[in-house]
$ cat model_26.txt   # compact mmCIF, C-alpha atoms
# COMPACT_ATOMS: atom_id res chain seq x y z
CA MET A 87 104.05 46.30 84.45
CA GLN A 88 105.49 47.57 87.75
CA THR A 89 107.02 51.05 87.72
CA ARG A 90 110.67 51.14 88.74
CA TYR A 91 111.09 53.00 91.99
CA THR A 92 113.26 56.10 92.00
CA LEU A 93 113.66 58.74 94.65
CA LEU A 94 112.29 61.38 92.29
CA ILE A 95 108.82 59.80 92.15
CA ASP A 96 108.60 59.56 95.93
CA PRO A 97 106.50 62.42 97.42
CA LEU A 98 108.66 62.25 100.54
CA PHE A 99 111.60 63.67 98.56
CA TYR A 100 109.65 66.85 97.82
CA ILE A 101 108.18 67.01 101.32
CA MET A 102 111.71 66.93 102.70
CA ALA A 103 112.72 69.72 100.30
CA ALA A 104 109.88 71.85 101.67
CA PHE A 105 110.85 70.95 105.25
CA PHE A 106 114.49 71.97 104.79
CA ALA A 107 113.44 75.18 103.02
CA ALA A 108 111.34 76.14 106.04
CA LEU A 109 113.98 74.97 108.52
CA THR A 110 117.02 76.67 107.02
CA THR A 111 115.07 79.87 106.39
CA GLY A 112 113.09 80.13 109.59
CA LEU A 113 115.81 79.04 112.00
CA ALA A 114 118.61 81.26 110.68
CA ALA A 115 116.28 84.24 110.27
CA THR A 116 114.88 83.88 113.78
CA LEU A 117 118.41 83.72 115.17
CA GLY A 118 119.44 86.77 113.14
CA GLN A 119 122.36 85.01 111.44
CA PRO A 120 123.39 86.87 108.24
CA ARG A 121 125.97 84.25 107.14
CA PHE A 122 124.19 81.10 108.24
CA LEU A 123 120.96 82.08 106.46
CA PRO A 124 122.17 82.04 102.81
CA ILE A 125 124.87 79.41 103.40
CA SER A 126 122.48 76.86 104.92
CA GLN A 127 119.85 77.57 102.28
CA THR A 128 122.35 77.23 99.44
CA ALA A 129 123.86 74.01 100.76
CA ALA A 130 120.51 72.30 101.32
CA LEU A 131 118.91 73.40 98.05
CA PHE A 132 122.00 72.46 96.06
CA ALA A 133 121.95 68.98 97.62
CA PHE A 134 118.35 68.41 96.52
CA LEU A 135 119.03 69.76 93.02
CA PHE A 136 122.14 67.61 92.71
CA VAL A 137 120.13 64.45 93.43
CA ALA A 138 117.41 65.47 90.97
CA LEU A 139 119.75 66.50 88.15
CA ARG A 140 121.82 63.33 88.34
CA GLN A 141 118.88 61.47 86.76
CA ARG A 142 118.94 63.69 83.64
CA GLU A 143 115.29 64.62 84.08
CA ILE A 144 114.21 68.24 84.03
CA ARG A 145 110.83 68.27 85.77
CA PRO A 146 112.01 67.04 89.21
CA PRO A 147 114.68 69.74 89.70
CA LEU A 148 112.27 72.41 88.50
CA LEU A 149 109.69 71.15 90.97
CA VAL A 150 112.29 71.16 93.74
CA MET A 151 113.21 74.74 92.89
CA ALA A 152 109.56 75.87 92.79
CA ILE A 153 108.71 74.22 96.11
CA TRP A 154 111.85 75.53 97.79
CA LEU A 155 111.45 79.15 96.69
CA GLY A 156 107.75 79.18 97.50
CA VAL A 157 108.30 77.87 101.03
CA GLN A 158 111.34 80.11 101.52
CA VAL A 159 109.51 83.30 100.59
CA VAL A 160 106.41 82.50 102.65
CA THR A 161 108.47 81.46 105.68
CA LEU A 162 110.72 84.51 105.70
CA ALA A 163 107.82 86.91 105.18
CA ILE A 164 105.99 85.41 108.17
CA VAL A 165 109.12 85.42 110.34
CA THR A 166 109.73 89.07 109.38
CA ARG A 167 106.20 89.92 110.50
CA MET A 168 106.74 88.12 113.81
CA VAL A 169 110.33 89.05 114.72
CA PRO A 170 111.39 91.93 112.44
CA GLY A 171 114.42 92.84 114.53
CA GLN A 172 116.07 89.44 114.16
CA VAL A 173 115.39 89.21 110.43
CA GLU A 174 116.77 92.71 110.00
CA GLN A 175 120.07 91.39 111.34
CA ALA A 176 119.93 88.28 109.13
CA ILE A 177 119.59 90.31 105.93
CA SER A 178 122.69 92.09 104.67
CA ASN A 179 122.27 95.81 105.47
CA GLY A 180 118.75 94.96 106.59
CA PHE A 181 118.28 98.08 108.72
CA PHE A 182 119.17 100.45 105.88
CA TYR A 183 117.27 98.43 103.27
CA ARG A 184 114.15 98.47 105.42
CA GLY A 185 114.23 102.26 105.64
CA ASP A 186 114.99 102.65 101.94
CA PHE A 187 112.23 100.26 100.86
CA ILE A 188 109.56 101.87 103.02
CA GLY A 189 110.82 105.28 101.86
CA TRP A 190 110.45 104.21 98.24
CA PHE A 191 107.00 102.71 98.75
CA TYR A 192 105.54 105.78 100.45
CA GLY A 193 107.89 108.41 99.01
CA PRO A 194 107.76 110.78 96.04
CA ALA A 195 107.85 109.63 92.43
CA GLU A 196 111.54 110.38 91.96
CA THR A 197 112.56 107.96 94.73
CA ARG A 198 114.32 104.97 93.19
CA LEU A 199 113.56 101.38 94.03
CA PRO A 200 116.31 100.24 96.45
CA MET A 201 118.55 97.42 95.24
CA GLY A 202 116.97 97.77 91.82
CA LEU A 203 118.40 97.81 88.34
CA LEU A 204 118.59 101.60 88.28
CA SER A 205 119.87 102.14 91.80
CA GLN A 206 122.32 99.19 91.90
CA PRO A 207 123.13 98.23 88.27
CA VAL A 208 126.52 96.68 89.11
CA ALA A 209 125.03 94.43 91.79
CA ARG A 210 122.25 93.32 89.45
CA MET A 211 124.71 92.54 86.66
CA ALA A 212 126.88 90.60 89.11
CA GLU A 213 123.81 88.60 90.11
CA LEU A 214 123.05 87.86 86.47
CA GLY A 215 126.64 86.78 85.84
CA GLY A 216 126.59 84.54 88.91
CA ILE A 217 123.38 82.90 87.77
CA VAL A 218 124.61 82.27 84.22
CA LEU A 219 128.37 81.68 84.39
CA GLY A 220 128.39 80.65 88.04
CA SER A 221 125.79 77.95 87.47
CA LEU A 222 127.55 76.62 84.39
CA LEU A 223 130.97 76.42 86.04
CA THR A 224 129.90 75.13 89.48
CA GLY A 225 126.99 72.86 88.68
CA GLY A 226 124.52 75.44 89.94
CA LEU A 227 126.11 76.13 93.32
CA VAL A 228 126.90 79.79 92.71
CA GLY A 229 123.63 80.31 90.89
CA VAL A 230 121.68 78.85 93.81
CA TRP A 231 123.49 81.27 96.15
CA PHE A 232 122.33 84.27 94.13
CA VAL A 233 118.78 82.97 93.75
CA VAL A 234 118.22 82.28 97.46
CA ARG A 235 119.64 85.69 98.37
CA ALA A 236 117.29 87.37 95.86
CA ALA A 237 114.37 85.39 97.28
CA ASN A 238 115.34 86.39 100.83
CA LEU A 239 115.36 90.06 99.87
CA ALA A 240 111.99 89.73 98.13
CA ALA A 241 110.45 88.00 101.15
CA TYR A 242 111.97 90.54 103.52
CA SER A 243 110.49 93.38 101.44
CA ALA A 244 107.05 91.80 101.64
CA GLY A 245 107.37 91.14 105.35
CA VAL A 246 108.56 94.69 106.02
CA LEU A 247 105.49 96.23 104.38
CA TRP A 248 103.21 93.75 106.13
CA GLN A 249 104.79 94.46 109.50
CA ASP A 250 104.90 98.23 109.00
CA SER A 251 101.27 98.61 107.96
CA GLY A 252 99.73 95.62 109.73
CA LEU A 253 97.79 94.91 106.54
CA LEU A 254 98.07 91.45 105.00
CA PHE A 255 97.29 93.05 101.64
CA ASN A 256 100.66 94.81 101.69
CA LEU A 257 102.37 91.42 101.78
CA PHE A 258 101.57 91.19 98.08
CA ALA A 259 102.63 94.79 97.49
CA GLY A 260 106.11 93.82 98.64
CA LEU A 261 106.29 91.06 96.03
CA PRO A 262 106.01 93.02 92.78
CA ILE A 263 105.44 91.17 89.53
CA TRP A 264 108.92 91.99 88.20
CA THR A 265 110.55 90.34 91.21
CA LEU A 266 108.49 87.16 90.80
CA LEU A 267 109.30 87.01 87.08
CA ARG A 268 113.00 87.55 87.73
CA LEU A 269 113.07 84.83 90.39
CA ALA A 270 111.24 82.38 88.13
CA GLY A 271 113.54 83.06 85.18
CA SER A 272 116.66 82.89 87.32
CA ALA A 273 115.59 79.60 88.91
CA GLY A 274 114.96 78.05 85.50
CA LEU A 275 118.36 79.13 84.20
CA VAL A 276 120.13 77.75 87.27
CA VAL A 277 118.55 74.34 86.70
CA LEU A 278 119.33 74.42 83.00
CA LEU A 279 122.94 75.54 83.35
CA ALA A 280 123.69 73.26 86.30
CA GLU A 281 122.76 70.13 84.38
CA PRO A 282 125.84 69.71 82.15
CA LEU A 283 128.36 69.51 84.99
CA ILE A 284 126.17 67.43 87.30
CA SER A 285 124.90 64.97 84.69
CA GLY A 286 128.15 64.83 82.71
CA ASN A 287 126.29 65.53 79.48
CA TRP A 288 127.92 68.42 77.60
CA SER A 289 126.25 67.81 74.22
CA LEU A 290 125.11 71.17 72.85
CA ARG A 291 122.81 69.40 70.39
CA TYR A 292 121.08 67.64 73.28
CA TYR A 293 120.30 70.87 75.09
CA VAL A 294 119.19 72.67 71.94
CA THR A 295 116.83 69.78 71.21
CA HIS A 296 115.59 68.78 74.66
CA ARG A 297 115.93 71.94 76.75
CA ARG A 298 115.00 74.63 74.23
CA ALA A 299 111.63 75.34 75.84
CA LEU A 300 113.21 75.82 79.27
CA LEU A 301 115.93 78.09 77.87
CA VAL A 302 113.46 80.28 75.98
CA THR A 303 110.91 80.43 78.80
CA SER A 304 113.48 81.20 81.51
CA SER A 305 115.19 83.85 79.39
CA LEU A 306 111.88 85.53 78.58
CA LEU A 307 110.80 85.52 82.21
CA LEU A 308 114.10 87.00 83.35
CA GLY A 309 114.10 89.59 80.57
CA ALA A 310 110.50 90.56 81.30
CA GLY A 311 111.30 90.92 84.98
CA LEU A 312 114.21 93.25 84.30
CA ALA A 313 112.21 95.31 81.79
CA LEU A 314 109.19 95.68 84.08
CA GLU A 315 111.48 96.68 86.94
CA LEU A 316 112.42 99.71 84.86
CA LEU A 317 108.85 100.55 83.83
CA LEU A 318 106.46 99.64 86.64
CA PRO A 319 107.77 100.71 90.09
CA ASN A 320 105.87 104.01 90.26
CA LEU A 321 102.66 102.49 88.92
CA TRP A 322 102.98 99.56 91.33
CA ARG A 323 103.39 101.61 94.49
CA ASN A 324 100.62 104.00 93.41
CA LEU A 325 98.35 101.01 92.97
CA PHE A 326 98.96 99.79 96.52
CA ALA A 327 100.06 102.82 98.54

$ encode --input "model_26.txt" --output "structure tokens"
Amino acid sequence: MQTRYTLLIDPLFYIMAAFFAALTTGLAATLGQPRFLPISQTAALFAFLFVALRQREIRPPLLVMAIWLGVQVVTLAIVTRMVPGQVEQAISNGFFYRGDFIGWFYGPAETRLPMGLLSQPVARMAELGGIVLGSLLTGGLVGVWFVVRAANLAAYSAGVLWQDSGLLFNLFAGLPIWTLLRLAGSAGLVVLLAEPLISGNWSLRYYVTHRRALLVTSSLLLGAGLALELLLPNLWRNLFA
């Protein structure tokens, strides 16, 4: 029996997602464009997620999100290593964040993690609200905006440490486990909460039955990321610095 062709089983669809992730990230960052960077990333990623979610399948949009964020983080970290001045302009308050992040990484124990839950609780709660309510009300558009901005900041942090020390090992120091968990949980929730509006299926019973694993897993990942962000920063920088 011949399998019915759909775009979501075509490897080219996912290759194009990776291509646009690299293009929108690398081009805008190299040009030092603070508005174009998140706007182009959000628009392109949302377009791919929209196509995937219209089919009412959950694995393709999750794969799109995983591929996109992986390529985005790697691309921006490399571009930061190569042209740090331009990327500094492309990241909101990049100059000050760079100094604060390096100061935290090499500073005394009482130095707080910049843009963290303790240092910027309102911003973190706004991000959480945008991911949850924003995704539900806009079909994931607002949630995607917050996720790509969080991924940009994570990649910039990694690139900053890599560029400052010249050690590839510090690339991983700039991507702490709590950040990766938070990104993974946030991405899963965006996909989950974007589905009702895009697919037109608002049945609560359907999501409780068919999307329970995604809801639980994403919530646990996000919760673990936030908890570890409160507990591990000093241990993490001592381990690497």

$ atom_distance --input "model_26.txt" --atom1 "atom CA of A:Thr110" --atom2 "atom CA of A:Ile125"
9.1 Å

$ atom_distance --input "model_26.txt" --atom1 "atom CA of A:Leu214" --atom2 "atom CA of A:Gly118"
26.9 Å

$ closest_atom_pairs --input "model_26.txt" --of "stretch 226-249 of chain A" --to "stretch 274-280 of chain A" --cutoff "7 Å" --atoms "all atoms listed in the file" --output "JSON lines"
{"residue": "A:Gly226", "atom": "CA", "partner": "A:Ala280", "partner_atom": "CA", "distance": 4.3}
{"residue": "A:Gly229", "atom": "CA", "partner": "A:Val276", "partner_atom": "CA", "distance": 5.6}
{"residue": "A:Val230", "atom": "CA", "partner": "A:Val276", "partner_atom": "CA", "distance": 6.8}

$ residues_around --input "model_26.txt" --residues "A:Ser126" --least-positions-apart "6" --cutoff "10 Å" --atoms "only C-alpha atoms" --output "PyMOL selection string"
chain A and resi 106-107+109-111+113-114+132+231

$ atom_distance --input "model_26.txt" --atom1 "atom CA of A:Leu247" --atom2 "atom CA of A:Leu204"
21.4 Å

$ closest_residue --input "model_26.txt" --among "A:Met211, A:Met151, A:Val294, A:Met201" --to "A:Thr265" --atoms "all atoms listed in the file"
A:Met201

$ closest_residue --input "model_26.txt" --among "A:Ile217, A:Leu308, A:Leu254, A:Leu301" --to "A:Ile144" --atoms "all atoms listed in the file"
A:Leu301

$ closest_residue --input "model_26.txt" --among "A:Gly112, A:Pro124, A:Pro147, A:Pro170" --to "A:Phe232" --atoms "all atoms listed in the file"
A:Pro124

$ closest_residue --input "model_26.txt" --among "A:Val150, A:Val137, A:Val246, A:Met102" --to "A:Ile164" --atoms "only C-alpha atoms"
A:Val246

$ closest_residue --input "model_26.txt" --among "A:Leu316, A:Thr295, A:Asp250, A:Gly216" --to "A:Ile263" --atoms "only C-alpha atoms"
A:Leu316

$ closest_residue --input "model_26.txt" --among "A:Leu306, A:Leu312, A:Leu257, A:Leu300" --to "A:Arg210" --atoms "only C-alpha atoms"
A:Leu312

$ residues_around --input "model_26.txt" --residues "A:Gly245" --least-positions-apart "3" --cutoff "12 Å" --atoms "all atoms listed in the file" --output "PyMOL selection string"
chain A and resi 159-171+173-174+184+187-188+238-242+248-261

$ write_last_selection --input "model_26.txt" --atoms "C-alpha atoms" --output "PDB file, in the frame of the given file"
ATOM      1  CA  VAL A 159     109.510  83.300 100.590  1.00  0.00           C
ATOM      2  CA  VAL A 160     106.410  82.500 102.650  1.00  0.00           C
ATOM      3  CA  THR A 161     108.470  81.460 105.680  1.00  0.00           C
ATOM      4  CA  LEU A 162     110.720  84.510 105.700  1.00  0.00           C
ATOM      5  CA  ALA A 163     107.820  86.910 105.180  1.00  0.00           C
ATOM      6  CA  ILE A 164     105.990  85.410 108.170  1.00  0.00           C
ATOM      7  CA  VAL A 165     109.120  85.420 110.340  1.00  0.00           C
ATOM      8  CA  THR A 166     109.730  89.070 109.380  1.00  0.00           C
ATOM      9  CA  ARG A 167     106.200  89.920 110.500  1.00  0.00           C
ATOM     10  CA  MET A 168     106.740  88.120 113.810  1.00  0.00           C
ATOM     11  CA  VAL A 169     110.330  89.050 114.720  1.00  0.00           C
ATOM     12  CA  PRO A 170     111.390  91.930 112.440  1.00  0.00           C
ATOM     13  CA  GLY A 171     114.420  92.840 114.530  1.00  0.00           C
ATOM     14  CA  VAL A 173     115.390  89.210 110.430  1.00  0.00           C
ATOM     15  CA  GLU A 174     116.770  92.710 110.000  1.00  0.00           C
ATOM     16  CA  ARG A 184     114.150  98.470 105.420  1.00  0.00           C
ATOM     17  CA  PHE A 187     112.230 100.260 100.860  1.00  0.00           C
ATOM     18  CA  ILE A 188     109.560 101.870 103.020  1.00  0.00           C
ATOM     19  CA  ASN A 238     115.340  86.390 100.830  1.00  0.00           C
ATOM     20  CA  LEU A 239     115.360  90.060  99.870  1.00  0.00           C
ATOM     21  CA  ALA A 240     111.990  89.730  98.130  1.00  0.00           C
ATOM     22  CA  ALA A 241     110.450  88.000 101.150  1.00  0.00           C
ATOM     23  CA  TYR A 242     111.970  90.540 103.520  1.00  0.00           C
ATOM     24  CA  TRP A 248     103.210  93.750 106.130  1.00  0.00           C
ATOM     25  CA  GLN A 249     104.790  94.460 109.500  1.00  0.00           C
ATOM     26  CA  ASP A 250     104.900  98.230 109.000  1.00  0.00           C
ATOM     27  CA  SER A 251     101.270  98.610 107.960  1.00  0.00           C
ATOM     28  CA  GLY A 252      99.730  95.620 109.730  1.00  0.00           C
ATOM     29  CA  LEU A 253      97.790  94.910 106.540  1.00  0.00           C
ATOM     30  CA  LEU A 254      98.070  91.450 105.000  1.00  0.00           C
ATOM     31  CA  PHE A 255      97.290  93.050 101.640  1.00  0.00           C
ATOM     32  CA  ASN A 256     100.660  94.810 101.690  1.00  0.00           C
ATOM     33  CA  LEU A 257     102.370  91.420 101.780  1.00  0.00           C
ATOM     34  CA  PHE A 258     101.570  91.190  98.080  1.00  0.00           C
ATOM     35  CA  ALA A 259     102.630  94.790  97.490  1.00  0.00           C
ATOM     36  CA  GLY A 260     106.110  93.820  98.640  1.00  0.00           C
ATOM     37  CA  LEU A 261     106.290  91.060  96.030  1.00  0.00           C
TER      38      LEU A 261
END

$ residues_around --input "model_26.txt" --residues "A:Pro262" --least-positions-apart "6" --cutoff "10 Å" --atoms "all atoms listed in the file" --output "ChimeraX atom specification"
/A:240,243-244,311,314-315,318-319,322-323

$ build_atoms --input "model_26.txt" --residues "stretch 228-243 of chain A" --atoms "N, CA, C and O atoms" --output "PDB file, in the coordinates of the input"
ATOM      1  N   VAL A 228     126.862  78.327  92.638  1.00  0.00           N
ATOM      2  CA  VAL A 228     126.900  79.790  92.710  1.00  0.00           C
ATOM      3  C   VAL A 228     125.558  80.390  92.314  1.00  0.00           C
ATOM      4  O   VAL A 228     125.084  81.353  92.924  1.00  0.00           O
ATOM      5  N   GLY A 229     124.936  79.816  91.303  1.00  0.00           N
ATOM      6  CA  GLY A 229     123.630  80.310  90.890  1.00  0.00           C
ATOM      7  C   GLY A 229     122.590  80.175  91.988  1.00  0.00           C
ATOM      8  O   GLY A 229     121.778  81.088  92.209  1.00  0.00           O
ATOM      9  N   VAL A 230     122.602  79.050  92.698  1.00  0.00           N
ATOM     10  CA  VAL A 230     121.680  78.850  93.810  1.00  0.00           C
ATOM     11  C   VAL A 230     121.909  79.912  94.884  1.00  0.00           C
ATOM     12  O   VAL A 230     120.959  80.456  95.461  1.00  0.00           O
ATOM     13  N   TRP A 231     123.158  80.228  95.160  1.00  0.00           N
ATOM     14  CA  TRP A 231     123.490  81.270  96.150  1.00  0.00           C
ATOM     15  C   TRP A 231     122.818  82.598  95.797  1.00  0.00           C
ATOM     16  O   TRP A 231     122.211  83.240  96.651  1.00  0.00           O
ATOM     17  N   PHE A 232     122.921  83.005  94.534  1.00  0.00           N
ATOM     18  CA  PHE A 232     122.330  84.270  94.130  1.00  0.00           C
ATOM     19  C   PHE A 232     120.803  84.214  94.153  1.00  0.00           C
ATOM     20  O   PHE A 232     120.146  85.204  94.512  1.00  0.00           O
ATOM     21  N   VAL A 233     120.235  83.086  93.784  1.00  0.00           N
ATOM     22  CA  VAL A 233     118.780  82.970  93.750  1.00  0.00           C
ATOM     23  C   VAL A 233     118.192  83.012  95.156  1.00  0.00           C
ATOM     24  O   VAL A 233     117.194  83.708  95.401  1.00  0.00           O
ATOM     25  N   VAL A 234     118.787  82.280  96.106  1.00  0.00           N
ATOM     26  CA  VAL A 234     118.220  82.280  97.460  1.00  0.00           C
ATOM     27  C   VAL A 234     118.392  83.652  98.114  1.00  0.00           C
ATOM     28  O   VAL A 234     117.524  84.092  98.874  1.00  0.00           O
ATOM     29  N   ARG A 235     119.477  84.341  97.814  1.00  0.00           N
ATOM     30  CA  ARG A 235     119.640  85.690  98.370  1.00  0.00           C
ATOM     31  C   ARG A 235     118.608  86.653  97.789  1.00  0.00           C
ATOM     32  O   ARG A 235     118.061  87.500  98.504  1.00  0.00           O
ATOM     33  N   ALA A 236     118.321  86.530  96.481  1.00  0.00           N
ATOM     34  CA  ALA A 236     117.290  87.370  95.860  1.00  0.00           C
ATOM     35  C   ALA A 236     115.916  87.055  96.449  1.00  0.00           C
ATOM     36  O   ALA A 236     115.108  87.966  96.688  1.00  0.00           O
ATOM     37  N   ALA A 237     115.650  85.774  96.688  1.00  0.00           N
ATOM     38  CA  ALA A 237     114.370  85.390  97.280  1.00  0.00           C
ATOM     39  C   ALA A 237     114.256  85.897  98.721  1.00  0.00           C
ATOM     40  O   ALA A 237     113.173  86.315  99.159  1.00  0.00           O
ATOM     41  N   ASN A 238     115.349  85.856  99.460  1.00  0.00           N
ATOM     42  CA  ASN A 238     115.340  86.390 100.830  1.00  0.00           C
ATOM     43  C   ASN A 238     115.003  87.870 100.834  1.00  0.00           C
ATOM     44  O   ASN A 238     114.217  88.344 101.667  1.00  0.00           O
ATOM     45  N   LEU A 239     115.601  88.622  99.928  1.00  0.00           N
ATOM     46  CA  LEU A 239     115.360  90.060  99.870  1.00  0.00           C
ATOM     47  C   LEU A 239     113.908  90.349  99.483  1.00  0.00           C
ATOM     48  O   LEU A 239     113.275  91.261 100.029  1.00  0.00           O
ATOM     49  N   ALA A 240     113.385  89.562  98.538  1.00  0.00           N
ATOM     50  CA  ALA A 240     111.990  89.730  98.130  1.00  0.00           C
ATOM     51  C   ALA A 240     111.048  89.444  99.293  1.00  0.00           C
ATOM     52  O   ALA A 240     110.091  90.195  99.546  1.00  0.00           O
ATOM     53  N   ALA A 241     111.302  88.352 100.012  1.00  0.00           N
ATOM     54  CA  ALA A 241     110.450  88.000 101.150  1.00  0.00           C
ATOM     55  C   ALA A 241     110.562  89.025 102.261  1.00  0.00           C
ATOM     56  O   ALA A 241     109.558  89.362 102.918  1.00  0.00           O
ATOM     57  N   TYR A 242     111.775  89.518 102.498  1.00  0.00           N
ATOM     58  CA  TYR A 242     111.970  90.540 103.520  1.00  0.00           C
ATOM     59  C   TYR A 242     111.212  91.821 103.163  1.00  0.00           C
ATOM     60  O   TYR A 242     110.597  92.448 104.031  1.00  0.00           O
ATOM     61  N   SER A 243     111.227  92.189 101.902  1.00  0.00           N
ATOM     62  CA  SER A 243     110.490  93.380 101.440  1.00  0.00           C
ATOM     63  C   SER A 243     108.999  93.225 101.726  1.00  0.00           C
ATOM     64  O   SER A 243     108.348  94.146 102.226  1.00  0.00           O
TER      65      SER A 243
END
